[in-house]
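One file, protein-v4.pdb, is given below (PDB, C-alpha atoms).
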```
ATOM      1  CA  MET A  79      -3.918   1.519 -30.049
ATOM      2  CA  ASN A  80      -6.192   4.329 -31.177
ATOM      3  CA  HIS A  81      -7.783   6.988 -29.008
ATOM      4  CA  ARG A  82     -11.288   5.643 -29.226
ATOM      5  CA  ARG A  83     -10.204   2.280 -27.863
ATOM      6  CA  ILE A  84      -8.332   3.868 -24.975
ATOM      7  CA  ILE A  85     -11.378   5.930 -24.050
ATOM      8  CA  ASN A  86     -13.548   2.835 -24.332
ATOM      9  CA  ASP A  87     -11.267   0.795 -22.085
ATOM     10  CA  TYR A  88     -10.925   3.460 -19.446
ATOM     11  CA  ILE A  89     -14.445   4.879 -19.526
ATOM     12  CA  TRP A  90     -15.207   3.940 -15.890
ATOM     13  CA  ALA A  91     -11.861   5.202 -14.677
ATOM     14  CA  ILE A  92     -12.415   8.519 -16.504
ATOM     15  CA  LEU A  93     -15.935   8.911 -15.132
ATOM     16  CA  PHE A  94     -14.673   8.097 -11.657
ATOM     17  CA  ALA A  95     -11.885  10.690 -11.966
ATOM     18  CA  LEU A  96     -14.458  13.320 -12.979
ATOM     19  CA  PHE A  97     -16.737  12.247 -10.123
ATOM     20  CA  SER A  98     -13.870  12.504  -7.612
ATOM     21  CA  LEU A  99     -12.773  15.923  -8.863
ATOM     22  CA  GLY A 100     -16.366  17.125  -8.777
ATOM     23  CA  SER A 101     -16.792  15.815  -5.233
ATOM     24  CA  LEU A 102     -13.661  17.631  -4.156
ATOM     25  CA  PHE A 103     -14.753  20.985  -5.583
ATOM     26  CA  LEU A 104     -18.361  20.731  -4.474
ATOM     27  CA  GLY A 105     -17.455  19.341  -1.065
ATOM     28  CA  PHE A 106     -19.523  16.178  -1.662
ATOM     29  CA  GLU A 107     -18.422  14.031   1.281
ATOM     30  CA  PRO A 108     -19.443  10.525   0.105
ATOM     31  CA  GLY A 109     -17.503  11.093  -3.111
ATOM     32  CA  GLN A 110     -14.414  12.115  -1.180
ATOM     33  CA  LYS A 111     -14.653   9.093   1.112
ATOM     34  CA  ILE A 112     -15.009   6.730  -1.834
ATOM     35  CA  TYR A 113     -11.980   8.359  -3.407
ATOM     36  CA  LEU A 114      -9.982   7.814  -0.194
ATOM     37  CA  ASN A 115     -10.876   4.100  -0.280
ATOM     38  CA  PHE A 116      -9.864   3.995  -3.925
ATOM     39  CA  TYR A 117      -6.571   5.692  -3.144
ATOM     40  CA  GLN A 118      -5.746   3.113  -0.451
ATOM     41  CA  PHE A 119      -6.490   0.220  -2.783
ATOM     42  CA  ILE A 120      -4.381   1.767  -5.532
ATOM     43  CA  LEU A 121      -1.496   2.148  -3.082
ATOM     44  CA  GLU A 122      -1.849  -1.503  -2.095
ATOM     45  CA  MET A 123      -1.930  -2.539  -5.735
ATOM     46  CA  ALA A 124       0.983  -0.336  -6.757
ATOM     47  CA  SER A 125       3.141  -1.854  -4.031
ATOM     48  CA  PHE A 126       3.176  -5.323  -5.523
ATOM     49  CA  LEU A 127       1.421  -5.691  -8.877
ATOM     50  CA  PRO A 128       3.985  -4.081 -11.229
ATOM     51  CA  LEU A 129       6.755  -6.151  -9.621
ATOM     52  CA  MET A 130       4.704  -9.288  -9.918
ATOM     53  CA  PHE A 131       4.092  -8.718 -13.596
ATOM     54  CA  LEU A 132       7.795  -8.134 -14.097
ATOM     55  CA  LEU A 133       8.553 -11.463 -12.407
ATOM     56  CA  ILE A 134       5.867 -13.175 -14.464
ATOM     57  CA  GLY A 135       7.399 -11.778 -17.674
ATOM     58  CA  LEU A 136      10.849 -13.012 -16.670
ATOM     59  CA  PHE A 137       9.437 -16.392 -15.675
ATOM     60  CA  ASP A 138       7.756 -16.557 -19.060
ATOM     61  CA  VAL A 139      10.980 -16.119 -21.040
ATOM     62  CA  TRP A 140      13.274 -18.169 -18.798
ATOM     63  CA  VAL A 141      11.343 -21.202 -17.605
ATOM     64  CA  PRO A 142      10.828 -23.769 -20.356
ATOM     65  CA  LYS A 143       7.422 -25.321 -20.854
ATOM     66  CA  GLU A 144       8.724 -28.873 -20.395
ATOM     67  CA  LYS A 145       9.919 -28.088 -16.868
ATOM     68  CA  VAL A 146       6.545 -26.763 -15.716
ATOM     69  CA  GLU A 147       4.692 -29.534 -17.483
ATOM     70  CA  LYS A 148       6.842 -32.191 -15.853
ATOM     71  CA  HIS A 149       6.435 -30.875 -12.314
ATOM     72  CA  VAL A 150       2.853 -29.581 -12.185
ATOM     73  CA  GLY A 151       1.369 -30.925 -15.420
ATOM     74  CA  GLN A 152      -1.108 -33.659 -16.257
ATOM     75  CA  GLU A 153       1.019 -36.527 -14.911
ATOM     76  CA  SER A 154       2.447 -34.750 -11.868
ATOM     77  CA  GLY A 155       0.066 -36.275  -9.318
ATOM     78  CA  LEU A 156       0.249 -35.390  -5.639
ATOM     79  CA  PRO A 157       3.775 -33.870  -5.722
ATOM     80  CA  GLY A 158       2.561 -31.474  -8.440
ATOM     81  CA  SER A 159      -0.256 -30.273  -6.226
ATOM     82  CA  PHE A 160       2.208 -29.907  -3.379
ATOM     83  CA  TRP A 161       4.365 -27.577  -5.520
ATOM     84  CA  VAL A 162       1.503 -25.278  -6.493
ATOM     85  CA  ILE A 163       0.349 -25.109  -2.874
ATOM     86  CA  LEU A 164       3.857 -24.174  -1.781
ATOM     87  CA  LEU A 165       4.030 -21.511  -4.501
ATOM     88  CA  ALA A 166       0.701 -20.036  -3.426
ATOM     89  CA  THR A 167       1.447 -19.918   0.301
ATOM     90  CA  LEU A 168       4.614 -17.922  -0.316
ATOM     91  CA  GLN A 169       2.807 -15.127  -2.135
ATOM     92  CA  ALA A 170       0.936 -12.105  -0.878
ATOM     93  CA  GLY A 171      -1.799  -9.769  -2.018
ATOM     94  CA  PRO A 172      -5.425 -10.048  -3.091
ATOM     95  CA  LEU A 173      -6.793 -12.935  -5.172
ATOM     96  CA  TYR A 174      -6.716 -11.029  -8.457
ATOM     97  CA  GLY A 175      -2.920 -11.026  -8.173
ATOM     98  CA  ALA A 176      -3.051 -14.792  -8.681
ATOM     99  CA  PHE A 177      -4.919 -14.643 -11.998
ATOM    100  CA  PRO A 178      -1.907 -13.710 -14.181
ATOM    101  CA  VAL A 179       0.184 -16.379 -12.463
ATOM    102  CA  ALA A 180      -2.559 -18.916 -13.198
ATOM    103  CA  TYR A 181      -2.460 -17.848 -16.848
ATOM    104  CA  LEU A 182       1.269 -18.387 -17.019
ATOM    105  CA  LEU A 183       1.088 -21.785 -15.298
ATOM    106  CA  SER A 184      -1.645 -22.787 -17.720
ATOM    107  CA  LYS A 185       0.336 -21.557 -20.720
ATOM    108  CA  LYS A 186       3.348 -23.567 -19.577
ATOM    109  CA  GLY A 187       1.343 -26.748 -19.266
ATOM    110  CA  ALA A 188       0.170 -27.000 -15.645
ATOM    111  CA  SER A 189      -2.850 -29.266 -15.229
ATOM    112  CA  VAL A 190      -6.311 -27.742 -14.825
ATOM    113  CA  ARG A 191      -6.634 -29.355 -11.411
ATOM    114  CA  ASN A 192      -3.406 -27.814 -10.161
ATOM    115  CA  ILE A 193      -4.340 -24.371 -11.479
ATOM    116  CA  PHE A 194      -7.521 -24.338  -9.423
ATOM    117  CA  ILE A 195      -5.803 -25.831  -6.385
ATOM    118  CA  TYR A 196      -3.308 -22.992  -6.753
ATOM    119  CA  LEU A 197      -6.085 -20.376  -6.892
ATOM    120  CA  SER A 198      -7.893 -21.744  -3.837
ATOM    121  CA  THR A 199      -4.695 -21.990  -1.829
ATOM    122  CA  PHE A 200      -3.747 -18.487  -2.830
ATOM    123  CA  SER A 201      -7.099 -17.196  -1.653
ATOM    124  CA  CYS A 202      -6.729 -18.406   1.917
ATOM    125  CA  MET A 203      -3.447 -20.020   2.809
ATOM    126  CA  LYS A 204      -0.920 -17.289   2.107
ATOM    127  CA  ILE A 205       1.579 -17.200   4.953
ATOM    128  CA  PRO A 206       1.515 -13.390   5.371
ATOM    129  CA  LEU A 207      -2.275 -13.527   5.727
ATOM    130  CA  MET A 208      -2.150 -16.569   8.012
ATOM    131  CA  THR A 209       0.011 -14.719  10.530
ATOM    132  CA  PHE A 210      -2.696 -12.080  10.581
ATOM    133  CA  GLU A 211      -5.418 -14.653  11.038
ATOM    134  CA  ILE A 212      -3.583 -16.347  13.910
ATOM    135  CA  GLY A 213      -3.036 -12.971  15.555
ATOM    136  CA  PHE A 214      -6.687 -11.991  15.517
ATOM    137  CA  LEU A 215      -8.649 -15.231  15.571
ATOM    138  CA  GLY A 216      -6.237 -17.533  17.340
ATOM    139  CA  LEU A 217      -4.084 -20.507  16.425
ATOM    140  CA  LYS A 218      -6.916 -22.998  16.905
ATOM    141  CA  PHE A 219      -9.184 -21.225  14.434
ATOM    142  CA  SER A 220      -6.401 -21.050  11.847
ATOM    143  CA  ILE A 221      -5.332 -24.680  12.196
ATOM    144  CA  LEU A 222      -8.921 -25.927  12.035
ATOM    145  CA  ARG A 223      -9.659 -23.828   8.990
ATOM    146  CA  THR A 224      -6.519 -24.935   7.148
ATOM    147  CA  LEU A 225      -7.211 -28.561   8.041
ATOM    148  CA  PHE A 226     -10.714 -28.508   6.554
ATOM    149  CA  THR A 227      -9.725 -26.288   3.669
ATOM    150  CA  LEU A 228      -7.141 -28.524   2.021
ATOM    151  CA  PRO A 229      -9.437 -31.454   1.107
ATOM    152  CA  VAL A 230     -12.033 -28.971  -0.159
ATOM    153  CA  PHE A 231      -9.380 -27.441  -2.439
ATOM    154  CA  PHE A 232      -8.545 -30.822  -3.939
ATOM    155  CA  ILE A 233     -12.217 -31.560  -4.520
ATOM    156  CA  ILE A 234     -12.738 -28.154  -6.177
ATOM    157  CA  GLY A 235      -9.671 -28.747  -8.395
ATOM    158  CA  ILE A 236     -10.842 -32.200  -9.440
ATOM    159  CA  LEU A 237     -14.413 -31.017 -10.125
ATOM    160  CA  MET A 238     -13.189 -28.026 -12.145
ATOM    161  CA  GLU A 239     -11.004 -30.323 -14.262
ATOM    162  CA  LYS A 240     -13.958 -32.650 -14.881
ATOM    163  CA  TYR A 241     -16.221 -29.709 -15.734
ATOM    164  CA  LEU A 242     -13.842 -27.828 -18.040
ATOM    165  CA  GLY A 243     -11.929 -30.736 -19.571
ATOM    166  CA  LYS A 244      -8.194 -31.378 -19.471
ATOM    167  CA  ASP A 245      -7.505 -29.099 -22.456
ATOM    168  CA  TYR A 246      -8.907 -25.953 -20.844
ATOM    169  CA  LYS A 247      -6.543 -22.965 -20.921
ATOM    170  CA  VAL A 248      -6.527 -19.757 -18.871
ATOM    171  CA  ARG A 249      -6.456 -16.612 -21.037
ATOM    172  CA  SER A 250      -3.977 -13.755 -20.841
ATOM    173  CA  GLY A 251      -6.601 -11.339 -19.525
ATOM    174  CA  GLY A 252      -6.290  -8.907 -22.408
ATOM    175  CA  SER A 253      -9.073  -8.074 -24.807
ATOM    176  CA  GLU A 254      -9.397 -10.754 -27.475
TER     177      GLU A 254
ATOM    178  CA  MET B 109       6.211  -6.999   0.663
ATOM    179  CA  SER B 110       9.896  -6.068   0.854
ATOM    180  CA  ILE B 111      10.766  -9.695   0.094
ATOM    181  CA  LEU B 112       9.014  -9.262  -3.235
ATOM    182  CA  ILE B 113      11.057  -6.159  -4.038
ATOM    183  CA  ILE B 114      14.342  -7.885  -3.189
ATOM    184  CA  ALA B 115      13.366 -11.018  -5.134
ATOM    185  CA  THR B 116      12.398  -8.975  -8.177
ATOM    186  CA  ILE B 117      15.624  -6.971  -8.165
ATOM    187  CA  LEU B 118      17.731 -10.128  -7.759
ATOM    188  CA  CYS B 119      15.909 -11.917 -10.575
ATOM    189  CA  LEU B 120      16.182  -8.880 -12.800
ATOM    190  CA  LEU B 121      19.938  -8.492 -12.195
ATOM    191  CA  LEU B 122      20.556 -12.201 -12.684
ATOM    192  CA  SER B 123      18.534 -12.183 -15.880
ATOM    193  CA  LEU B 124      20.360  -9.099 -17.174
ATOM    194  CA  ALA B 125      23.723 -10.688 -16.453
ATOM    195  CA  ILE B 126      22.869 -13.804 -18.427
ATOM    196  CA  ASP B 127      20.945 -12.426 -21.367
ATOM    197  CA  ARG B 128      20.016  -8.803 -21.982
ATOM    198  CA  LYS B 129      17.734  -9.461 -24.921
ATOM    199  CA  LYS B 130      15.724 -12.094 -23.099
ATOM    200  CA  THR B 131      15.414  -9.808 -20.078
ATOM    201  CA  TYR B 132      14.084  -7.035 -22.269
ATOM    202  CA  GLU B 133      11.579  -9.426 -23.841
ATOM    203  CA  GLY B 134      10.438 -10.628 -20.400
ATOM    204  CA  CYS B 135       9.907  -7.073 -19.143
ATOM    205  CA  ARG B 136       7.995  -6.243 -22.317
ATOM    206  CA  ARG B 137       5.679  -9.232 -21.881
ATOM    207  CA  GLY B 138       5.098  -8.456 -18.199
ATOM    208  CA  LEU B 139       4.307  -4.836 -18.966
ATOM    209  CA  LYS B 140       1.945  -5.777 -21.763
ATOM    210  CA  MET B 141      -0.020  -8.128 -19.494
ATOM    211  CA  PHE B 142      -0.207  -5.418 -16.872
ATOM    212  CA  LEU B 143      -1.485  -2.787 -19.320
ATOM    213  CA  ASP B 144      -3.990  -5.244 -20.784
ATOM    214  CA  ILE B 145      -5.570  -5.871 -17.418
ATOM    215  CA  LEU B 146      -5.326  -2.337 -16.028
ATOM    216  CA  PRO B 147      -8.728  -1.003 -17.261
ATOM    217  CA  THR B 148     -10.680  -3.913 -15.761
ATOM    218  CA  LEU B 149      -8.626  -3.739 -12.593
ATOM    219  CA  LEU B 150      -9.379  -0.033 -12.151
ATOM    220  CA  THR B 151     -13.086  -0.657 -12.666
ATOM    221  CA  VAL B 152     -13.075  -3.383 -10.016
ATOM    222  CA  ILE B 153     -11.200  -1.184  -7.558
ATOM    223  CA  ILE B 154     -13.744   1.602  -8.111
ATOM    224  CA  LEU B 155     -16.590  -0.859  -7.409
ATOM    225  CA  VAL B 156     -14.889  -2.083  -4.254
ATOM    226  CA  SER B 157     -14.201   1.451  -3.007
ATOM    227  CA  ALA B 158     -17.833   2.412  -3.442
ATOM    228  CA  PHE B 159     -18.947  -0.812  -1.737
ATOM    229  CA  LEU B 160     -16.735  -0.215   1.294
ATOM    230  CA  TYR B 161     -18.213   3.249   1.684
ATOM    231  CA  LEU B 162     -21.838   2.182   1.233
ATOM    232  CA  ILE B 163     -21.609  -0.831   3.568
ATOM    233  CA  PRO B 164     -19.213  -0.177   6.451
ATOM    234  CA  GLY B 165     -18.279  -2.714   9.130
ATOM    235  CA  GLU B 166     -20.993  -1.629  11.585
ATOM    236  CA  THR B 167     -23.713  -2.309   9.036
ATOM    237  CA  LEU B 168     -22.289  -5.771   8.366
ATOM    238  CA  GLU B 169     -22.254  -6.483  12.072
ATOM    239  CA  SER B 170     -25.867  -5.518  12.540
ATOM    240  CA  ILE B 171     -26.941  -7.683   9.585
ATOM    241  CA  LEU B 172     -24.911 -10.683  10.760
ATOM    242  CA  GLY B 173     -26.221 -10.298  14.296
ATOM    243  CA  ILE B 174     -29.922 -10.471  13.405
ATOM    244  CA  LYS B 175     -30.263 -14.184  12.772
ATOM    245  CA  SER B 176     -28.451 -17.197  14.110
ATOM    246  CA  GLY B 177     -28.772 -20.788  12.936
ATOM    247  CA  PRO B 178     -29.035 -21.885   9.284
ATOM    248  CA  LEU B 179     -30.465 -18.578   8.066
ATOM    249  CA  GLY B 180     -27.683 -16.648   9.786
ATOM    250  CA  VAL B 181     -25.105 -18.875   8.126
ATOM    251  CA  LEU B 182     -26.687 -18.328   4.708
ATOM    252  CA  ILE B 183     -26.771 -14.550   5.211
ATOM    253  CA  ALA B 184     -23.130 -14.595   6.323
ATOM    254  CA  ALA B 185     -22.181 -16.606   3.226
ATOM    255  CA  LEU B 186     -24.012 -14.227   0.880
ATOM    256  CA  ILE B 187     -22.501 -11.121   2.443
ATOM    257  CA  GLY B 188     -19.048 -12.694   2.503
ATOM    258  CA  SER B 189     -19.339 -13.520  -1.193
ATOM    259  CA  ILE B 190     -20.300 -10.016  -2.230
ATOM    260  CA  ALA B 191     -18.074  -8.071   0.116
ATOM    261  CA  LEU B 192     -14.482  -7.531  -0.822
ATOM    262  CA  ILE B 193     -12.547  -6.548   2.243
ATOM    263  CA  PRO B 194      -8.770  -6.840   2.372
ATOM    264  CA  GLY B 195      -7.431  -9.353   4.904
ATOM    265  CA  PHE B 196      -5.865  -6.734   7.119
ATOM    266  CA  ILE B 197      -9.323  -5.250   7.728
ATOM    267  CA  ALA B 198     -11.322  -8.501   7.599
ATOM    268  CA  TYR B 199      -9.572 -10.307  10.450
ATOM    269  CA  PRO B 200      -9.788  -7.489  13.001
ATOM    270  CA  LEU B 201     -13.437  -7.122  11.951
ATOM    271  CA  ALA B 202     -14.041 -10.845  12.534
ATOM    272  CA  ARG B 203     -12.494 -10.509  15.990
ATOM    273  CA  ILE B 204     -14.931  -7.712  16.801
ATOM    274  CA  PHE B 205     -17.841  -9.864  15.567
ATOM    275  CA  LEU B 206     -16.757 -12.716  17.843
ATOM    276  CA  ASP B 207     -16.296 -10.419  20.828
ATOM    277  CA  ARG B 208     -19.776  -9.005  20.364
ATOM    278  CA  GLY B 209     -21.295 -12.472  20.546
ATOM    279  CA  ILE B 210     -21.888 -13.360  16.913
ATOM    280  CA  PRO B 211     -21.626 -17.197  16.745
ATOM    281  CA  PRO B 212     -18.225 -18.612  15.599
ATOM    282  CA  THR B 213     -19.911 -20.567  12.801
ATOM    283  CA  THR B 214     -21.363 -17.395  11.313
ATOM    284  CA  VAL B 215     -18.023 -15.619  11.582
ATOM    285  CA  ALA B 216     -16.134 -18.585  10.094
ATOM    286  CA  VAL B 217     -18.527 -18.807   7.143
ATOM    287  CA  PHE B 218     -18.282 -15.057   6.624
ATOM    288  CA  ILE B 219     -14.459 -15.065   6.625
ATOM    289  CA  THR B 220     -14.162 -18.120   4.379
ATOM    290  CA  THR B 221     -16.607 -16.886   1.748
ATOM    291  CA  LEU B 222     -14.985 -13.474   1.954
ATOM    292  CA  ILE B 223     -11.600 -14.802   0.899
ATOM    293  CA  MET B 224     -12.693 -17.594  -1.451
ATOM    294  CA  VAL B 225     -15.626 -16.074  -3.342
ATOM    295  CA  GLY B 226     -15.473 -12.749  -5.163
ATOM    296  CA  ILE B 227     -18.623 -11.434  -6.802
ATOM    297  CA  LEU B 228     -17.206  -7.927  -7.245
ATOM    298  CA  THR B 229     -14.023  -9.210  -8.857
ATOM    299  CA  LEU B 230     -15.964 -11.453 -11.270
ATOM    300  CA  PRO B 231     -15.380  -9.118 -14.276
ATOM    301  CA  LEU B 232     -11.655  -9.545 -13.741
ATOM    302  CA  GLU B 233     -11.866 -13.286 -13.210
ATOM    303  CA  ILE B 234     -13.953 -13.716 -16.367
ATOM    304  CA  LYS B 235     -11.255 -11.924 -18.405
ATOM    305  CA  PHE B 236      -8.781 -14.624 -17.444
ATOM    306  CA  PHE B 237     -10.895 -17.732 -17.025
ATOM    307  CA  GLY B 238     -13.961 -17.184 -19.160
ATOM    308  CA  LYS B 239     -17.524 -16.971 -17.870
ATOM    309  CA  LYS B 240     -18.083 -20.697 -17.481
ATOM    310  CA  ALA B 241     -15.006 -21.380 -15.371
ATOM    311  CA  ALA B 242     -15.261 -18.200 -13.289
ATOM    312  CA  LEU B 243     -18.905 -18.792 -12.354
ATOM    313  CA  MET B 244     -18.278 -22.451 -11.559
ATOM    314  CA  ARG B 245     -15.214 -21.708  -9.425
ATOM    315  CA  ASN B 246     -17.142 -19.161  -7.399
ATOM    316  CA  PHE B 247     -20.114 -21.487  -7.028
ATOM    317  CA  LEU B 248     -17.963 -24.410  -5.838
ATOM    318  CA  SER B 249     -15.978 -22.118  -3.545
ATOM    319  CA  PHE B 250     -19.250 -20.814  -2.120
ATOM    320  CA  LEU B 251     -20.382 -24.332  -1.212
ATOM    321  CA  GLY B 252     -16.906 -25.271  -0.023
ATOM    322  CA  ALA B 253     -16.658 -22.185   2.144
ATOM    323  CA  ILE B 254     -19.981 -22.940   3.853
ATOM    324  CA  ILE B 255     -18.840 -26.496   4.618
ATOM    325  CA  ILE B 256     -15.479 -25.293   5.945
ATOM    326  CA  GLY B 257     -17.139 -22.598   8.027
ATOM    327  CA  LEU B 258     -19.651 -25.043   9.533
ATOM    328  CA  LEU B 259     -16.901 -27.513  10.428
ATOM    329  CA  VAL B 260     -14.709 -24.821  11.984
ATOM    330  CA  GLY B 261     -17.659 -23.476  13.942
ATOM    331  CA  TYR B 262     -18.582 -26.974  15.132
ATOM    332  CA  PHE B 263     -15.108 -27.802  16.432
ATOM    333  CA  LEU B 264     -14.253 -24.380  17.825
TER     334      LEU B 264
END
```
Mind turning the file's structure into structure tokens?
Amino acid sequence: MNHRRIINDYIWAILFALFSLGSLFLGFEPGQKIYLNFYQFILEMASFLPLMFLLIGLFDVWVPKEKVEKHVGQESGLPGSFWVILLATLQAGPLYGAFPVAYLLSKKGASVRNIFIYLSTFSCMKIPLMTFEIGFLGLKFSILRTLFTLPVFFIIGILMEKYLGKDYKVRSGGSE
Amino acid sequence: MSILIIATILCLLLSLAIDRKKTYEGCRRGLKMFLDILPTLLTVIILVSAFLYLIPGETLESILGIKSGPLGVLIAALIGSIALIPGFIAYPLARIFLDRGIPPTTVAVFITTLIMVGILTLPLEIKFFGKKAALMRNFLSFLGAIIIGLLVGYFL
């Protein structure tokens, strides 16, 4: 990787670093507050993302494609969807943490429908988040929401598969 | 979070015990994916940080409180789609909204769009899924979230 490409890739991060430093020296309060938000998000990210990528890498080399394809692939039906939902509920963190997992599932032969069911489930049925929801909004709210959410997830998965075709693949996220 | 750390260490040790070379290759692949996505991720986090500063919770509350009925629901859905607030802030915030008399339907739509639709994270989603799929997923989730929110509000 050459220097120009690195600068290109990180241009916003570099500008933001300069902006934050400037805000600190000039006592520009909005800049400092934005930096504090940024710092909290980075802490949140640093607490789980590197580990997740490590697990994804290990999963990639150890789990054979046939296994994934058999359980959550094209022919897996309802049990396949059940497995991706289970996988999603056990995870934690913001939605973007699910994107690399979706890539890996796709690479290993998971069906398009199951990939999008996985994404939707990840977005709002993670157990750690659910405990939070129950705590603040009550058990009734949580149960109702989950109840109505599941069919919607299946519909979204089926529509996405129709729209994108069965051969659609998630990309690795890197620059092409 | 600590479960993740324990799981990762166990998997790593197990993998090392069985095959060192494969373990090394797995770590390399994981690291490469992480580095590939890091620039976009940083950009998104910067956007979100600025957003949280510019539009704090009180502002959201005053916007959501203006209108009730269909228009209120639509406003809640739009704000929920754009905003990116982590769950540990969003749920307490939703509680405050409810306590201050904002209708449950509005709050439910807001929370559901908030977690299912991500306009600010679109650049990241497009990197993985392509423009077509990312836009469609967000659009369908937007509609889905409104339906879910309305149903929850109706039965609550």
key: Local residues around (-1.7, 0.1, -7.2), at most 12 Å away, using all atoms listed in the file, as a PyMOL selection string   = (chain A and resi 116-130+171-172+175) or (chain B and resi 142+146+149-150+153)
Assuming the chain letters and numbering stay as they are in my file, what does the PyMOL selection byres ((chain A) within 7 of (chain B)) actually select? List them as an mmCIF file with C-alpha atoms, in the frame of the given file.
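Output below, filename expr21.cif:
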```
data_model
loop_
_atom_site.group_PDB
_atom_site.id
_atom_site.type_symbol
_atom_site.label_atom_id
_atom_site.label_comp_id
_atom_site.auth_asym_id
_atom_site.auth_seq_id
_atom_site.Cartn_x
_atom_site.Cartn_y
_atom_site.Cartn_z
ATOM 1 C CA ASP A 87 -11.267 0.795 -22.085
ATOM 2 C CA TYR A 88 -10.925 3.460 -19.446
ATOM 3 C CA TRP A 90 -15.207 3.940 -15.890
ATOM 4 C CA ALA A 91 -11.861 5.202 -14.677
ATOM 5 C CA LYS A 111 -14.653 9.093 1.112
ATOM 6 C CA ILE A 112 -15.009 6.730 -1.834
ATOM 7 C CA ASN A 115 -10.876 4.100 -0.280
ATOM 8 C CA PHE A 116 -9.864 3.995 -3.925
ATOM 9 C CA PHE A 119 -6.490 0.220 -2.783
ATOM 10 C CA LEU A 129 6.755 -6.151 -9.621
ATOM 11 C CA PHE A 131 4.092 -8.718 -13.596
ATOM 12 C CA LEU A 132 7.795 -8.134 -14.097
ATOM 13 C CA LEU A 133 8.553 -11.463 -12.407
ATOM 14 C CA ILE A 134 5.867 -13.175 -14.464
ATOM 15 C CA GLY A 135 7.399 -11.778 -17.674
ATOM 16 C CA LEU A 136 10.849 -13.012 -16.670
ATOM 17 C CA ASP A 138 7.756 -16.557 -19.060
ATOM 18 C CA VAL A 139 10.980 -16.119 -21.040
ATOM 19 C CA PHE A 177 -4.919 -14.643 -11.998
ATOM 20 C CA SER A 198 -7.893 -21.744 -3.837
ATOM 21 C CA SER A 201 -7.099 -17.196 -1.653
ATOM 22 C CA CYS A 202 -6.729 -18.406 1.917
ATOM 23 C CA LEU A 207 -2.275 -13.527 5.727
ATOM 24 C CA GLU A 211 -5.418 -14.653 11.038
ATOM 25 C CA PHE A 214 -6.687 -11.991 15.517
ATOM 26 C CA LEU A 215 -8.649 -15.231 15.571
ATOM 27 C CA PHE A 219 -9.184 -21.225 14.434
ATOM 28 C CA LEU A 222 -8.921 -25.927 12.035
ATOM 29 C CA ARG A 223 -9.659 -23.828 8.990
ATOM 30 C CA PHE A 226 -10.714 -28.508 6.554
ATOM 31 C CA THR A 227 -9.725 -26.288 3.669
ATOM 32 C CA VAL A 230 -12.033 -28.971 -0.159
ATOM 33 C CA ILE A 234 -12.738 -28.154 -6.177
ATOM 34 C CA VAL A 248 -6.527 -19.757 -18.871
ATOM 35 C CA ARG A 249 -6.456 -16.612 -21.037
ATOM 36 C CA SER A 250 -3.977 -13.755 -20.841
ATOM 37 C CA GLY A 251 -6.601 -11.339 -19.525
ATOM 38 C CA GLY A 252 -6.290 -8.907 -22.408
#
```
message = So, with all atoms listed in the file as the atoms that count, which of A:Thr209, A:Thr167, A:Ser159, A:Gln152 lies closest to Lys186 in chain A?
response =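 Between A:Thr209, A:Thr167, A:Ser159, A:Gln152, the residue approaching Lys186 in chain A most closely is A:Gln152.
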key: Among listed residues A:Met203, A:Ala170, A:Ala95, A:Ala176, nearest Leu225 in chain A (using only C-alpha atoms)   =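 Nearest candidate to Leu225 in chain A out of A:Met203, A:Ala170, A:Ala95, A:Ala176: A:Met203.
Here CA of Leu99 in chain A stands at a distance of 29.3 Å from CA of Leu168 in chain B.
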inquiry  = Under the PyMOL selection byres ((chain A and resi 242) around 10), which residues of this model are included? Write them out as an NGL selection string.
reply    = (:A and (190-191 or 237-241 or 243-247)) or (:B and (240-241 or 244))
request  = Please indicate the distance in Å from CA of Ile221 in chain A to CA of Leu156 in chain A, rounded to one decimal place.
outcome  =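 Taking CA of Ile221 in chain A as the start and CA of Leu156 in chain A as the end point, the length is 21.5 Å.
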query = Which residue out of A:Thr199, A:Asn80, A:Thr224, A:Gln110 has the minimum interatomic distance to Ser98 in chain A when all atoms listed in the file are used?
reply =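 The closest residue to Ser98 in chain A is A:Gln110.
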ask   = Could you state the separation of CA of Val162 in chain A and CA of Pro206 in chain A in Å, given to one decimal place?
value = 16.8 Å
Residues picked by the PyMOL selection byres ((chain B and resi 214) around 9) here, as an mmCIF file with C-alpha atoms, in the frame of the given file?
```
data_model
loop_
_atom_site.group_PDB
_atom_site.id
_atom_site.type_symbol
_atom_site.label_atom_id
_atom_site.label_comp_id
_atom_site.auth_asym_id
_atom_site.auth_seq_id
_atom_site.Cartn_x
_atom_site.Cartn_y
_atom_site.Cartn_z
ATOM 1 C CA LEU B 172 -24.911 -10.683 10.760
ATOM 2 C CA SER B 176 -28.451 -17.197 14.110
ATOM 3 C CA GLY B 177 -28.772 -20.788 12.936
ATOM 4 C CA GLY B 180 -27.683 -16.648 9.786
ATOM 5 C CA VAL B 181 -25.105 -18.875 8.126
ATOM 6 C CA LEU B 182 -26.687 -18.328 4.708
ATOM 7 C CA ILE B 183 -26.771 -14.550 5.211
ATOM 8 C CA ALA B 184 -23.130 -14.595 6.323
ATOM 9 C CA ALA B 185 -22.181 -16.606 3.226
ATOM 10 C CA ILE B 210 -21.888 -13.360 16.913
ATOM 11 C CA PRO B 211 -21.626 -17.197 16.745
ATOM 12 C CA PRO B 212 -18.225 -18.612 15.599
ATOM 13 C CA THR B 213 -19.911 -20.567 12.801
ATOM 14 C CA VAL B 215 -18.023 -15.619 11.582
ATOM 15 C CA ALA B 216 -16.134 -18.585 10.094
ATOM 16 C CA VAL B 217 -18.527 -18.807 7.143
ATOM 17 C CA PHE B 218 -18.282 -15.057 6.624
ATOM 18 C CA ILE B 219 -14.459 -15.065 6.625
ATOM 19 C CA GLY B 257 -17.139 -22.598 8.027
ATOM 20 C CA LEU B 258 -19.651 -25.043 9.533
ATOM 21 C CA GLY B 261 -17.659 -23.476 13.942
#
```
